[in-house]
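As provided, structure-v5.txt (compact mmCIF, C-alpha atoms) reads as follows.
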```
# COMPACT_ATOMS: atom_id res chain seq x y z
CA MET A 9 49.23 142.39 -24.62
CA GLU A 10 47.01 141.98 -27.66
CA CYS A 11 43.33 143.02 -27.41
CA PHE A 12 40.91 140.57 -28.98
CA LEU A 13 37.65 138.69 -28.64
CA ILE A 14 36.94 135.35 -30.27
CA CYS A 15 33.33 134.51 -31.00
CA ASN A 16 31.77 131.52 -32.69
CA PHE A 17 29.85 132.39 -35.83
CA PHE A 18 26.91 129.97 -36.08
CA ASP A 19 29.17 126.93 -35.65
CA ILE A 20 30.73 127.68 -39.05
CA VAL A 21 33.94 129.38 -37.93
CA ASN A 22 35.43 131.28 -35.02
CA LEU A 23 36.03 134.98 -35.59
CA LYS A 24 38.82 136.85 -33.84
CA ILE A 25 37.99 140.56 -33.46
CA ASN A 26 41.19 142.56 -32.94
CA TRP A 27 41.46 146.14 -31.70
CA SER A 28 44.16 148.57 -30.66
CA PHE A 29 44.74 149.73 -27.09
CA ASP A 30 42.81 152.92 -27.86
CA GLY A 31 39.75 150.83 -28.84
CA ILE A 32 39.96 151.25 -32.63
CA PRO A 33 38.99 148.06 -34.52
CA GLU A 34 41.89 146.59 -36.51
CA SER A 35 40.54 143.45 -38.15
CA ILE A 36 38.37 140.37 -38.00
CA ASP A 37 40.26 137.16 -38.66
CA PHE A 38 39.07 133.61 -39.13
CA THR A 39 40.60 131.35 -36.51
CA TYR A 40 40.48 127.90 -35.00
CA ASP A 41 41.48 129.29 -31.59
CA SER A 42 38.90 128.97 -28.87
CA GLU A 43 40.12 131.44 -26.22
CA PHE A 44 37.24 133.85 -26.05
CA LEU A 45 38.39 137.06 -24.41
CA ASN A 46 41.59 138.93 -23.85
CA GLY A 47 41.21 142.54 -22.72
CA ASP A 48 38.27 144.75 -21.89
CA LEU A 49 35.63 145.37 -24.55
CA PRO A 50 35.52 148.95 -25.85
CA CYS A 51 32.04 150.16 -26.81
CA ASN A 52 32.47 149.75 -30.58
CA ILE A 53 33.91 146.23 -30.15
CA ARG A 54 30.90 145.32 -28.01
CA LYS A 55 28.70 146.67 -30.85
CA MET A 56 30.61 144.56 -33.43
CA TYR A 57 30.11 141.51 -31.24
CA GLN A 58 26.36 142.20 -30.96
CA ILE A 59 26.06 142.63 -34.74
CA LEU A 60 27.81 139.29 -35.31
CA LYS A 61 25.72 137.59 -32.63
CA ASN A 62 22.50 138.91 -34.21
CA TYR A 63 23.77 138.63 -37.77
CA TYR A 64 20.52 137.42 -39.29
CA SER A 65 18.23 139.86 -37.51
CA PHE A 66 18.47 142.16 -40.54
CA GLU A 67 19.16 145.04 -38.19
CA ARG A 68 20.58 147.87 -40.27
CA TYR A 69 23.74 149.47 -38.95
CA ASP A 70 26.23 152.05 -40.09
CA ILE A 71 29.43 150.07 -40.48
CA PHE A 72 31.49 153.23 -40.64
CA ASP A 73 30.08 154.30 -37.27
CA VAL A 74 30.76 150.88 -35.74
CA LEU A 75 34.29 150.92 -37.15
CA GLY A 76 34.93 154.47 -35.93
CA GLY A 77 38.58 155.43 -36.27
CA VAL A 78 39.24 152.94 -39.08
CA GLU A 79 40.32 154.62 -42.30
CA PHE A 80 38.89 153.57 -45.64
CA THR A 81 39.56 155.07 -49.05
CA SER A 82 36.59 156.81 -50.67
CA PHE A 83 36.46 153.95 -53.20
CA GLU A 84 36.35 151.33 -50.42
CA ARG A 85 33.57 153.25 -48.66
CA LYS A 86 31.54 153.34 -51.86
CA VAL A 87 32.09 149.63 -52.56
CA TYR A 88 31.42 148.51 -48.98
CA LYS A 89 28.35 150.73 -48.65
CA ARG A 90 26.77 149.14 -51.75
CA LEU A 91 27.82 145.65 -50.61
CA LEU A 92 26.01 146.15 -47.29
CA GLU A 93 22.77 146.49 -49.27
CA VAL A 94 23.08 142.91 -50.56
CA PRO A 95 20.86 140.81 -48.27
CA ALA A 96 22.02 137.62 -46.59
CA GLY A 97 21.33 134.71 -48.93
CA GLU A 98 21.96 136.75 -52.08
CA VAL A 99 25.07 137.53 -54.10
CA ILE A 100 26.32 140.20 -56.48
CA THR A 101 29.08 139.85 -59.08
CA TYR A 102 32.25 141.93 -59.01
CA SER A 103 31.24 143.59 -62.28
CA GLU A 104 27.65 144.27 -61.17
CA LEU A 105 28.91 145.93 -58.01
CA ALA A 106 31.41 148.01 -60.00
CA ASN A 107 28.74 149.09 -62.49
CA GLU A 108 26.26 149.97 -59.73
CA ILE A 109 28.75 152.35 -58.12
CA GLY A 110 29.58 153.91 -61.48
CA ILE A 111 32.90 152.22 -62.24
CA LYS A 112 32.45 150.59 -65.66
CA GLY A 113 34.96 147.78 -66.14
CA GLY A 114 35.91 148.01 -62.46
CA ALA A 115 35.45 144.35 -61.48
CA ARG A 116 39.15 143.94 -60.67
CA ALA A 117 39.15 147.11 -58.53
CA VAL A 118 36.14 145.77 -56.61
CA GLY A 119 37.96 142.45 -56.16
CA ASN A 120 40.95 144.31 -54.74
CA ALA A 121 38.69 146.16 -52.30
CA MET A 122 37.27 142.80 -51.20
CA ARG A 123 40.79 141.43 -50.75
CA ARG A 124 41.71 144.43 -48.56
CA ASN A 125 38.57 144.03 -46.42
CA ARG A 126 39.81 143.60 -42.85
CA PHE A 127 36.31 143.05 -41.48
CA PRO A 128 34.80 140.00 -43.19
CA ILE A 129 31.26 139.10 -42.15
CA LEU A 130 30.63 142.69 -40.96
CA ILE A 131 31.48 143.77 -44.50
CA PRO A 132 30.18 140.59 -46.20
CA CYS A 133 32.73 140.22 -49.00
CA HIS A 134 31.76 136.55 -49.30
CA ARG A 135 28.59 137.73 -51.11
CA VAL A 136 30.61 139.02 -54.07
CA VAL A 137 31.13 136.35 -56.74
CA GLY A 138 32.50 136.02 -60.25
CA LYS A 139 30.28 135.78 -63.33
CA LYS A 140 31.12 132.10 -63.80
CA ASP A 141 32.31 130.94 -60.37
CA LEU A 142 32.62 131.90 -56.72
CA GLY A 143 35.52 134.26 -57.39
CA GLY A 144 38.06 134.53 -54.60
CA PHE A 145 38.06 134.59 -50.81
CA THR A 146 41.23 135.00 -48.77
CA PRO A 147 40.31 132.39 -46.11
CA GLY A 148 39.44 129.89 -48.86
CA LEU A 149 36.62 129.07 -51.24
CA GLU A 150 35.38 126.21 -49.06
CA LEU A 151 34.55 128.67 -46.27
CA LYS A 152 33.00 131.12 -48.77
CA LYS A 153 30.72 128.38 -50.07
CA LYS A 154 29.85 127.32 -46.53
CA LEU A 155 28.91 130.91 -45.57
CA LEU A 156 26.81 131.40 -48.72
CA ASP A 157 25.06 128.04 -48.28
CA TYR A 158 24.31 128.81 -44.64
CA GLU A 159 22.86 132.20 -45.54
CA LYS A 160 20.67 130.66 -48.27
CA GLN A 161 19.41 127.98 -45.87
CA TRP A 162 18.71 130.56 -43.19
CA LYS A 163 16.92 132.85 -45.64
CA SER A 164 14.80 129.94 -46.90
CA ALA A 165 13.97 128.76 -43.38
CA SER A 166 13.00 132.26 -42.27
CA GLY A 167 10.63 132.79 -45.15
CA GLY A 168 13.03 134.88 -47.19
CA THR A 169 12.54 138.09 -45.26
```

Output the structure of this file as structure tokens.
Amino acid sequence: MECFLICNFFDIVNLKINWSFDGIPESIDFTYDSEFLNGDLPCNIRKMYQILKNYYSFERYDIFDVLGGVEFTSFERKVYKRLLEVPAGEVITYSELANEIGIKGGARAVGNAMRRNRFPILIPCHRVVGKKDLGGFTPGLELKKKLLDYEKQWKSASGGT
């Protein structure tokens, strides 16, 4: 039996949070399914759900603590840590992110880290864009644009805090 929770993310998309039988998060997938719970919620999955539910509260969290047991390369940790500093409603380019973590000319490496991100939204890879366009997004550019637009609207409506 697969362990998962499906939650609606601000009426934009449903997110399927998957975890192993020992409670280690495995991925967040975009889905059109609407079954909401299968299996008990381990503590860190409950925390992920709360973060997603309160996404725009600007509550700071340690993603590596929430995703305890999930292995990341040191490069991915560095990239994702910097990405988590980009506020909702703002973007950073692949090359800016690479430069800011000390990897000159590392835009492609940053893009690969975004592509390998198994926890979209929690690790907001949709906020990384190209210099001239939106860049890529595995679930599709239409959804990336929708997420960015929603964040900008929310930021504007909340006074930009």

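Nearest to Leu75 in chain A of all the residues A:Lys163, A:Lys140, A:Arg116, A:Lys55 is A:Lys55, based on only C-alpha atoms.
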
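Of the residues listed (A:Arg135, A:Arg90, A:Lys112, A:Arg126), A:Arg126 shows the shortest atom-to-atom separation from Lys24 in chain A; distances use all atoms listed in the file.
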
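You will find CA of Ile71 in chain A at 22.3 Å from CA of Tyr158 in chain A.
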
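Here CA of Gly113 in chain A stands at a distance of 12.1 Å from CA of Thr101 in chain A.
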
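We find CA of Pro132 in chain A and CA of Lys61 in chain A to be spaced 14.6 Å apart.
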
List as a PDB file with C-alpha atoms, in the frame of the given file the protein and nucleic acid residues near Asp19 in chain A, meaning an atom at most 12 Å away when only C-alpha atoms are counted, but skip any in the same chain fewer than 3 places from it.
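Result went into part-v5.pdb, see below:
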```
ATOM      1  CA  CYS A  15      33.330 134.510 -31.000  1.00  0.00           C
ATOM      2  CA  ASN A  16      31.770 131.520 -32.690  1.00  0.00           C
ATOM      3  CA  ASN A  22      35.430 131.280 -35.020  1.00  0.00           C
ATOM      4  CA  LEU A  23      36.030 134.980 -35.590  1.00  0.00           C
ATOM      5  CA  TYR A  40      40.480 127.900 -35.000  1.00  0.00           C
ATOM      6  CA  LYS A  61      25.720 137.590 -32.630  1.00  0.00           C
ATOM      7  CA  LYS A 154      29.850 127.320 -46.530  1.00  0.00           C
ATOM      8  CA  LEU A 155      28.910 130.910 -45.570  1.00  0.00           C
ATOM      9  CA  TYR A 158      24.310 128.810 -44.640  1.00  0.00           C
TER      10      TYR A 158
END
```

(Q) Which residues are near range 92-94 of chain A? Cut-off 10 Å, only C-alpha atoms, ignore same chain within fewer than 6 positions. Put them as a PyMOL selection string. (A) chain A and resi 68-71+100+105+130-133+135-136

So for range 93-111 of chain A, what box centre and size do we get, axis-aligned, 5 Å extra on each of the six sides, every listed atom, Å to one decimal, as JSON?
```
{"center_x": 26.9, "center_y": 144.3, "center_z": -54.5, "size_x": 22.0, "size_y": 29.2, "size_z": 25.9}
```

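Counting all atoms listed in the file and comparing A:Gly148, A:Gly119, A:Gly167, A:Pro128, the residue that lies closest to Glu34 in chain A is A:Pro128.
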
Q: Check the smallest atom-to-atom distance from each of A:Trp162, A:Ala106, A:Phe127, A:Arg85 to Trp27 in chain A using all atoms listed in the file, then report the winner.
A: A:Phe127

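All residues of protein, DNA or RNA that reach within 10 Å of Thr146 in chain A, judged by all atoms listed in the file and not counting those fewer than 4 positions away in the chain, are A:Phe38, A:Met122, A:Arg123, A:Arg124, A:Asn125, A:Pro128, A:Cys133, A:His134, A:Leu151, A:Lys152.
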
Q. Counting only C-alpha atoms, which of A:Asp73, A:Glu104, A:Asp30, A:Asp141 gets nearest to Val87 in chain A?
A. A:Glu104

Q: Give the answer as one residue: which of A:Ile53, A:Leu91, A:Ile129, A:Ala115 has the shortest atom-to-atom distance to Asp37 in chain A, using all atoms listed in the file?
A: A:Ile129
